[in-house]
>>> print(open('entry_19.cif').read())   # mmCIF, C-alpha atoms
data_work
#
loop_
_atom_site.label_atom_id
_atom_site.label_comp_id
_atom_site.auth_asym_id
_atom_site.auth_seq_id
_atom_site.Cartn_x
_atom_site.Cartn_y
_atom_site.Cartn_z
CA MET A 1 27.37 5.31 -7.95
CA LEU A 2 27.38 1.52 -7.75
CA TYR A 3 24.40 -0.62 -8.66
CA PRO A 4 24.06 -4.41 -8.53
CA GLN A 5 25.66 -6.24 -11.44
CA LYS A 6 23.18 -7.39 -14.07
CA THR A 7 23.14 -11.20 -14.05
CA GLU A 8 20.65 -13.95 -14.79
CA GLU A 9 19.80 -14.01 -11.08
CA ASP A 10 19.50 -10.24 -10.75
CA PHE A 11 16.34 -9.09 -8.97
CA PHE A 12 16.12 -5.91 -10.99
CA PHE A 13 15.41 -4.94 -14.55
CA LYS A 14 15.66 -1.83 -16.67
CA LEU A 15 12.59 -0.55 -18.54
CA GLN A 16 12.84 1.47 -21.72
CA VAL A 17 10.18 4.13 -22.31
CA ASN A 18 8.80 2.38 -25.38
CA VAL A 19 8.63 -0.85 -23.39
CA LEU A 20 6.29 0.80 -20.89
CA GLU A 21 4.17 2.07 -23.76
CA THR A 22 3.99 -1.46 -25.13
CA ILE A 23 2.91 -2.85 -21.76
CA MET A 24 0.36 -0.06 -21.35
CA TYR A 25 -1.13 -1.07 -24.69
CA PHE A 26 -1.01 -4.70 -23.58
CA VAL A 27 -3.00 -3.97 -20.40
CA PHE A 28 -5.56 -1.72 -22.06
CA VAL A 29 -6.19 -4.40 -24.68
CA PHE A 30 -7.25 -6.49 -21.68
CA GLN A 31 -9.62 -3.73 -20.65
CA SER A 32 -11.23 -3.68 -24.05
CA SER A 33 -11.74 -7.41 -23.84
CA ILE A 34 -13.71 -6.93 -20.62
CA SER A 35 -16.40 -4.93 -22.35
CA ASN A 36 -16.22 -6.57 -25.78
CA SER A 37 -15.95 -10.23 -24.89
CA SER A 38 -17.22 -12.52 -22.18
CA SER A 39 -14.30 -14.89 -22.67
CA SER A 40 -11.37 -14.62 -20.27
CA GLN A 41 -9.28 -17.42 -21.73
CA GLY A 42 -6.82 -15.07 -23.42
CA LEU A 43 -5.77 -13.58 -20.12
CA SER A 44 -4.63 -16.89 -18.73
CA GLN A 45 -2.10 -17.56 -21.48
CA PRO A 46 1.51 -16.40 -20.95
CA SER A 47 2.46 -13.45 -23.11
CA THR A 48 5.65 -14.16 -24.99
CA GLN A 49 5.78 -10.56 -26.13
CA THR A 50 5.83 -9.28 -22.57
CA THR A 51 8.46 -11.83 -21.54
CA GLN A 52 10.58 -10.69 -24.45
CA TYR A 53 10.48 -7.06 -23.40
CA LEU A 54 11.00 -7.45 -19.65
CA ARG A 55 14.70 -8.29 -19.83
CA ALA A 56 17.34 -7.31 -17.29
CA ASP A 57 19.58 -5.99 -20.07
CA THR A 58 16.98 -3.80 -21.77
CA PRO A 59 18.71 -0.50 -22.65
CA ASN A 60 17.39 2.67 -21.08
CA ASN A 61 16.56 5.74 -23.12
CA ALA A 62 14.29 7.34 -20.55
CA THR A 63 14.10 11.11 -20.58
CA PRO A 64 13.20 13.10 -17.46
CA ILE A 65 9.62 14.24 -17.07
CA THR A 66 9.46 17.86 -15.97
CA SER A 67 5.75 18.66 -15.68
CA TYR A 68 2.44 16.91 -15.11
CA PRO A 69 -0.16 19.41 -16.31
CA THR A 70 -3.44 17.54 -15.86
CA LEU A 71 -2.81 15.86 -12.49
CA ARG A 72 -4.10 17.13 -9.18
CA ILE A 73 -0.80 17.40 -7.33
CA GLU A 74 -0.46 17.79 -3.59
CA LYS A 75 2.66 18.57 -1.61
CA ASN A 76 3.41 16.44 1.43
CA ASP A 77 3.37 19.45 3.69
CA LEU A 78 4.17 18.44 7.26
CA LYS A 79 3.65 21.87 8.72
CA SER A 80 3.33 21.97 12.48
CA VAL A 81 0.05 20.91 13.99
CA THR A 82 -0.30 21.38 17.71
CA LEU A 83 -1.58 18.64 20.00
CA MET A 84 -4.58 20.81 20.79
CA GLU A 85 -5.40 21.11 17.09
CA ALA A 86 -4.97 17.35 16.59
CA LYS A 87 -7.34 16.61 19.47
CA ALA A 88 -9.87 19.08 18.08
CA LYS A 89 -9.99 17.06 14.82
CA VAL A 90 -11.34 14.02 16.69
CA LYS A 91 -13.34 15.76 19.40
CA ASP A 92 -16.67 14.93 17.74
CA ILE A 93 -15.96 11.17 17.96
CA ALA A 94 -14.40 11.22 21.43
CA ILE A 95 -15.70 8.67 23.95
CA SER A 96 -15.10 7.84 27.60
CA ARG A 97 -12.10 5.68 28.53
CA GLU A 98 -14.44 3.60 30.71
CA ARG A 99 -16.01 2.07 27.60
CA ILE A 100 -12.68 0.63 26.39
CA THR A 101 -11.07 -2.60 27.60
CA LEU A 102 -7.55 -3.39 26.38
CA LYS A 103 -6.69 -7.05 25.75
CA ASP A 104 -3.69 -8.48 23.87
CA VAL A 105 -0.93 -6.34 22.35
CA LEU A 106 -0.97 -7.08 18.61
CA GLN A 107 1.93 -4.87 17.53
CA GLU A 108 4.45 -2.81 19.44
CA GLY A 109 7.07 -0.25 18.47
CA THR A 110 9.34 2.17 20.25
CA PHE A 111 6.55 4.47 21.35
CA GLY A 112 3.34 3.03 19.87
CA ARG A 113 1.15 -0.02 20.41
CA ILE A 114 -1.85 -1.63 18.76
CA PHE A 115 -4.16 -3.59 21.05
CA HIS A 116 -7.01 -5.97 20.50
CA GLY A 117 -9.75 -4.27 22.51
CA ILE A 118 -13.39 -4.39 23.53
CA LEU A 119 -15.77 -1.45 23.21
CA ILE A 120 -18.93 -1.34 25.33
CA GLU A 121 -21.98 -0.03 23.49
CA GLU A 122 -23.09 3.35 24.81
CA LYS A 123 -26.84 2.73 24.61
CA ASP A 124 -26.72 -0.88 25.80
CA PRO A 125 -23.80 -1.66 28.16
CA SER A 126 -24.61 -5.36 27.91
CA LYS A 127 -23.42 -5.31 24.30
CA GLU A 128 -19.82 -5.04 23.22
CA LYS A 129 -17.76 -5.30 20.05
CA GLN A 130 -14.15 -6.08 19.20
CA ILE A 131 -11.88 -3.24 18.10
CA PHE A 132 -8.32 -2.28 17.24
CA VAL A 133 -6.90 0.32 19.64
CA LYS A 134 -3.94 2.44 18.55
CA THR A 135 -2.22 4.21 21.41
CA VAL A 136 1.16 5.34 22.73
CA LYS A 137 3.50 4.48 25.57
CA ASP A 138 4.41 6.73 28.49
CA GLN A 139 7.63 7.90 26.81
CA ALA A 140 5.87 9.11 23.63
CA SER A 141 6.61 12.75 22.84
CA GLU A 142 3.98 15.38 22.17
CA ILE A 143 5.02 15.40 18.51
CA GLN A 144 4.55 11.61 18.26
CA ILE A 145 1.11 11.81 19.89
CA THR A 146 0.12 14.66 17.60
CA MET A 147 1.23 12.71 14.53
CA MET A 148 -0.75 9.64 15.59
CA LEU A 149 -3.95 11.64 16.01
CA THR A 150 -3.43 13.64 12.80
CA GLU A 151 -2.62 10.64 10.60
CA SER A 152 -5.47 8.66 12.13
CA SER A 153 -7.88 11.25 10.76
CA LYS A 154 -6.82 10.70 7.14
CA LEU A 155 -9.77 8.47 6.18
CA ARG A 156 -12.39 9.96 8.48
CA GLY A 157 -15.79 10.51 6.91
CA LEU A 158 -15.12 8.06 4.07
CA HIS A 159 -17.34 5.00 3.70
CA HIS A 160 -16.34 2.06 1.52
CA ARG A 161 -16.22 -1.70 2.09
CA ASN A 162 -12.45 -1.69 1.52
CA LEU A 163 -11.58 1.21 3.81
CA LEU A 164 -11.11 1.11 7.58
CA PRO A 165 -11.33 4.64 9.02
CA ILE A 166 -11.26 5.31 12.76
CA THR A 167 -14.62 5.22 14.51
CA HIS A 168 -13.82 6.73 17.92
CA ALA A 169 -11.06 8.38 19.88
CA CYS A 170 -10.24 8.81 23.54
CA ILE A 171 -8.57 12.13 24.39
CA GLU A 172 -9.38 12.50 28.08
CA GLU A 173 -6.96 14.45 30.25
CA GLY A 174 -4.68 12.16 32.22
CA GLU A 175 -5.18 9.26 29.80
CA LYS A 176 -3.00 8.14 26.91
CA PRO A 177 -4.72 9.20 23.67
CA MET A 178 -6.32 6.31 21.80
CA VAL A 179 -7.91 5.85 18.39
CA LEU A 180 -10.34 3.00 17.72
CA LEU A 181 -10.98 1.04 14.52
CA PRO A 182 -13.23 -1.94 13.71
CA TYR A 183 -11.52 -5.27 14.40
CA MET A 184 -10.24 -7.51 11.58
CA ASN A 185 -9.26 -10.83 13.09
CA TRP A 186 -6.28 -11.67 10.89
CA GLY A 187 -4.78 -8.25 11.48
CA ASN A 188 -2.07 -6.48 9.55
CA LEU A 189 -1.81 -7.61 5.92
CA LYS A 190 1.98 -7.49 5.72
CA LEU A 191 2.37 -9.63 8.84
CA PHE A 192 -0.30 -12.01 7.53
CA LEU A 193 1.51 -12.43 4.19
CA ARG A 194 4.79 -13.16 5.94
CA GLN A 195 3.09 -15.74 8.13
CA CYS A 196 1.73 -17.38 4.97
CA LYS A 197 5.27 -17.54 3.63
CA LEU A 198 6.51 -19.27 6.77
CA VAL A 199 3.91 -22.03 6.52
CA GLU A 200 4.07 -22.25 2.72
CA ALA A 201 6.39 -25.28 2.68
CA ASN A 202 4.18 -27.30 5.01
CA ASN A 203 0.86 -26.08 3.64
CA PRO A 204 1.22 -24.92 0.03
CA GLN A 205 -2.56 -24.61 -0.36
CA ALA A 206 -2.85 -22.13 2.52
CA ILE A 207 -3.25 -19.20 0.14
CA SER A 208 -3.60 -19.32 -3.63
CA GLN A 209 -2.60 -16.97 -6.40
CA GLN A 210 -6.29 -16.38 -7.01
CA ASP A 211 -6.67 -15.33 -3.35
CA LEU A 212 -3.81 -12.86 -3.73
CA VAL A 213 -5.31 -11.34 -6.87
CA HIS A 214 -8.64 -11.02 -5.06
CA MET A 215 -6.86 -9.07 -2.31
CA ALA A 216 -5.32 -6.80 -4.94
CA ILE A 217 -8.75 -6.15 -6.47
CA GLN A 218 -10.11 -5.13 -3.07
CA ILE A 219 -7.23 -2.72 -2.48
CA ALA A 220 -7.70 -1.26 -5.97
CA CYS A 221 -11.44 -0.84 -5.28
CA GLY A 222 -10.73 1.07 -2.09
CA MET A 223 -8.16 3.25 -3.84
CA SER A 224 -10.54 3.87 -6.74
CA TYR A 225 -13.05 5.22 -4.24
CA LEU A 226 -10.39 7.49 -2.72
CA ALA A 227 -9.43 8.71 -6.20
CA ARG A 228 -13.07 9.59 -6.96
CA ARG A 229 -13.18 11.54 -3.71
CA GLU A 230 -9.86 13.20 -4.63
CA VAL A 231 -8.19 11.81 -1.51
CA ILE A 232 -4.49 10.99 -1.86
CA HIS A 233 -3.30 8.28 0.52
CA LYS A 234 0.47 8.87 0.13
CA ASP A 235 1.47 5.69 1.97
CA LEU A 236 -0.27 2.73 0.36
CA ALA A 237 1.45 -0.54 1.27
CA ALA A 238 0.62 -3.95 2.69
CA ARG A 239 1.56 -2.66 6.17
CA ASN A 240 -1.30 -0.15 5.90
CA CYS A 241 -3.96 -2.75 5.12
CA VAL A 242 -5.73 -5.26 7.36
CA ILE A 243 -7.42 -8.59 6.63
CA ASP A 244 -9.98 -10.93 8.19
CA ASP A 245 -10.56 -14.68 8.01
CA ALA A 246 -12.82 -14.26 4.97
CA LEU A 247 -9.84 -12.67 3.15
CA GLN A 248 -11.60 -9.31 3.13
CA VAL A 249 -9.00 -6.57 2.88
CA LYS A 250 -9.35 -2.96 4.01
CA ILE A 251 -7.02 0.00 3.63
CA THR A 252 -6.14 1.91 6.79
CA ASP A 253 -4.34 5.16 7.54
CA ASN A 254 -0.60 5.12 8.29
CA ALA A 255 -0.78 6.18 11.94
CA LEU A 256 2.07 4.52 13.92
CA SER A 257 3.40 2.77 10.79
CA ARG A 258 6.77 4.53 11.00
CA ASP A 259 7.16 3.20 14.53
CA LEU A 260 5.79 -0.30 13.96
CA PHE A 261 7.61 -0.88 10.64
CA PRO A 262 10.79 1.21 11.05
CA MET A 263 12.69 -0.69 8.33
CA ASP A 264 10.13 0.49 5.74
CA TYR A 265 10.84 4.18 6.36
CA HIS A 266 14.01 6.18 5.82
CA CYS A 267 15.15 9.72 6.44
CA LEU A 268 16.97 11.17 3.44
CA GLY A 269 18.46 14.09 5.32
CA ASP A 270 15.26 16.16 5.38
CA ASN A 271 14.18 15.21 8.92
CA GLU A 272 11.24 13.18 7.62
CA ASN A 273 10.89 9.39 7.61
CA ARG A 274 9.39 8.39 4.29
CA PRO A 275 8.42 5.05 2.68
CA VAL A 276 11.14 5.49 0.06
CA ARG A 277 10.82 2.06 -1.57
CA TRP A 278 7.09 2.53 -2.20
CA MET A 279 7.25 6.09 -3.50
CA ALA A 280 6.89 7.33 -7.06
CA LEU A 281 9.87 9.17 -8.53
CA GLU A 282 8.12 12.56 -8.52
CA SER A 283 7.28 12.07 -4.85
CA LEU A 284 10.87 11.26 -3.99
CA VAL A 285 12.40 14.09 -5.99
CA ASN A 286 9.80 16.86 -5.80
CA ASN A 287 7.71 15.82 -2.79
CA GLU A 288 4.67 15.77 -5.11
CA PHE A 289 1.78 13.38 -4.55
CA SER A 290 -1.24 12.62 -6.71
CA GLY A 291 -3.57 9.81 -7.61
CA ALA A 292 -0.86 8.67 -10.02
CA SER A 293 1.72 8.42 -7.24
CA ASP A 294 -0.76 6.27 -5.30
CA VAL A 295 -0.97 4.05 -8.41
CA TRP A 296 2.82 3.62 -8.30
CA SER A 297 2.55 2.54 -4.64
CA PHE A 298 -0.24 0.15 -5.58
CA GLY A 299 2.12 -1.52 -8.06
CA VAL A 300 4.63 -2.07 -5.25
CA THR A 301 1.84 -3.34 -2.98
CA LEU A 302 0.80 -5.82 -5.69
CA TRP A 303 4.44 -6.95 -5.78
CA GLU A 304 4.31 -7.41 -1.99
CA LEU A 305 1.23 -9.60 -2.37
CA MET A 306 2.83 -11.81 -5.00
CA THR A 307 6.02 -12.23 -2.92
CA LEU A 308 4.14 -12.83 0.35
CA GLY A 309 5.45 -9.75 2.06
CA GLN A 310 9.02 -9.41 0.81
CA THR A 311 10.65 -5.98 1.02
CA PRO A 312 11.00 -4.25 -2.39
CA TYR A 313 14.39 -2.90 -3.48
CA VAL A 314 15.90 -4.47 -0.38
CA ASP A 315 19.47 -4.30 -1.74
CA ILE A 316 19.30 -0.65 -2.81
CA ASP A 317 20.54 2.13 -0.55
CA PRO A 318 17.55 4.44 0.14
CA PHE A 319 19.73 7.41 -0.77
CA GLU A 320 20.25 5.87 -4.22
CA MET A 321 16.58 5.09 -4.92
CA ALA A 322 15.80 8.26 -6.90
CA ALA A 323 18.82 7.83 -9.19
CA TYR A 324 18.07 4.13 -9.50
CA LEU A 325 14.50 4.78 -10.67
CA LYS A 326 15.59 7.61 -12.98
CA ASP A 327 17.98 5.17 -14.66
CA GLY A 328 15.01 2.97 -15.47
CA TYR A 329 15.51 0.18 -12.95
CA ARG A 330 12.53 -1.50 -11.27
CA ILE A 331 11.98 -4.55 -9.06
CA ALA A 332 11.87 -7.73 -11.10
CA GLN A 333 9.07 -10.15 -11.77
CA PRO A 334 8.40 -12.33 -8.71
CA ILE A 335 8.86 -16.07 -9.02
CA ASN A 336 5.67 -17.75 -10.29
CA CYS A 337 4.06 -14.38 -11.06
CA PRO A 338 2.22 -14.54 -14.42
CA ASP A 339 3.45 -12.24 -17.16
CA GLU A 340 0.07 -10.53 -17.36
CA LEU A 341 0.10 -9.66 -13.68
CA PHE A 342 3.64 -8.35 -13.80
CA ALA A 343 2.70 -6.23 -16.80
CA VAL A 344 0.08 -4.56 -14.59
CA MET A 345 2.75 -3.78 -11.99
CA ALA A 346 5.11 -2.38 -14.60
CA CYS A 347 2.41 -0.04 -15.91
CA CYS A 348 2.06 1.42 -12.43
CA TRP A 349 5.76 2.30 -12.47
CA ALA A 350 5.74 4.36 -15.68
CA LEU A 351 8.09 7.32 -15.35
CA ASP A 352 5.44 9.75 -16.59
CA PRO A 353 2.50 9.86 -14.14
CA GLU A 354 0.14 10.49 -17.06
CA GLU A 355 1.05 7.09 -18.51
CA ARG A 356 0.03 5.14 -15.41
CA PRO A 357 -3.39 3.48 -15.39
CA LYS A 358 -6.27 4.78 -13.26
CA PHE A 359 -7.46 2.70 -10.33
CA GLN A 360 -10.76 1.87 -12.02
CA GLN A 361 -8.83 0.50 -14.99
CA LEU A 362 -6.74 -1.59 -12.61
CA VAL A 363 -9.90 -2.95 -10.98
CA GLN A 364 -11.28 -4.00 -14.36
CA CYS A 365 -8.06 -5.58 -15.54
CA LEU A 366 -7.42 -7.49 -12.30
CA THR A 367 -11.04 -8.66 -12.11
CA GLU A 368 -10.78 -10.15 -15.60
CA PHE A 369 -7.48 -11.80 -14.70
CA HIS A 370 -9.02 -13.20 -11.49
CA ALA A 371 -11.86 -14.71 -13.49
CA ALA A 372 -9.34 -16.30 -15.86
CA LEU A 373 -7.50 -17.90 -12.94
CA GLY A 374 -10.80 -19.31 -11.67
CA ALA A 375 -11.54 -20.84 -15.06
CA TYR A 376 -8.40 -22.98 -14.84
CA VAL A 377 -8.59 -24.08 -11.21
#
>>> encode(input="entry_19.cif", output="structure tokens")
Amino acid sequence: MLYPQKTEEDFFFKLQVNVLETIMYFVFVFQSSISNSSSSQGLSQPSTQTTQYLRADTPNNATPITSYPTLRIEKNDLKSVTLMEAKAKVKDIAISRERITLKDVLQEGTFGRIFHGILIEEKDPSKEKQIFVKTVKDQASEIQITMMLTESSKLRGLHHRNLLPITHACIEEGEKPMVLLPYMNWGNLKLFLRQCKLVEANNPQAISQQDLVHMAIQIACGMSYLARREVIHKDLAARNCVIDDALQVKITDNALSRDLFPMDYHCLGDNENRPVRWMALESLVNNEFSGASDVWSFGVTLWELMTLGQTPYVDIDPFEMAAYLKDGYRIAQPINCPDELFAVMACCWALDPEERPKFQQLVQCLTEFHAALGAYV
């Protein structure tokens, strides 16, 4: 198999197992400093040791990991769910179509759409609130409708400031099924980041590195809550987050994401479109998901933040991703990304799931780093 040649400009690097262990130690030293010292100055200084280790020509001595004994592992079982069963899951939050007004189309795919909408209050029709409305087009198949309703239910019943579960659904006969979520006026995080990149040359102060780290902290907080509730997201990425004008970020489900971001999903011959470039190795190879595989995806999401929405592993054939990761390759440090922050990403991509940090540890580490950035503004 052919991989990109290793050059000074190469966007990829190879991590040795002991390098990951070194970085893990590096990050957890940061954690200790959070509880043992009120000073954050040390975090703001570049780490020459980390720079030394994260070289494109680092040799790889990685050995395959065959078992993960202490992790709660879940298979991504896409067994058939009927449309009737999918509707039954949201029946208790179903509302009348008359209460929903559709306004602008915010995103559109082959069969799905997201609208900016208005919801009339049930008890007081004079009051209304803004919403996101996920729905389908006329040509959507029963399977596509079923998947939208099923995936929309992923975060139902969960309450956290950095989560955005659905609040209502419309499943009336003769109407296109709809799911409703609270409105966030800057919309999809991935699209927002790419818009920031477009205006970056004309307005370099539009979004700061400190802002981006704050977004990462919010995502980590939401994921930490899911981990405590033993909920595995399985598709964490910037495309599955939303943001408002106060830079508040919330994690959403992945309903319609395959349709709205088709270039982020690939079928590897198993009749299932998967977010290959965001997936942990054990998820790719064994279809196994856990809190640790969500941590891997968080590392890629952090990389998305620091690159303002670039696509990870863009030059790698999706069919080669598993072999590429097994060989020790990872996406390289983004331009202008501090060593400390990249070390956090690299920890998330440890080959052994047991060696990856927990989300609460990531929250602590990123919070300390955020404070250090603020001290030097």
>>> closest_residue(input="entry_19.cif", among="A:Met84, A:Ile217, A:Ala292, A:Ala94", to="His168 (chain A)", atoms="only C-alpha atoms")
A:Ala94
>>> closest_residue(input="entry_19.cif", among="A:Thr146, A:Gln310, A:Ser297, A:Gln210", to="Ala372 (chain A)", atoms="all atoms listed in the file")
A:Gln210
>>> closest_residue(input="entry_19.cif", among="A:Gly374, A:Gly174, A:Pro165, A:Pro353", to="Val242 (chain A)", atoms="all atoms listed in the file")
A:Pro165
>>> closest_residue(input="entry_19.cif", among="A:Leu193, A:Ile118, A:Leu198, A:Met147", to="Arg239 (chain A)", atoms="only C-alpha atoms")
A:Leu193
>>> closest_residue(input="entry_19.cif", among="A:Val363, A:Ile251, A:Ile93, A:Val105", to="Leu164 (chain A)", atoms="only C-alpha atoms")
A:Ile251
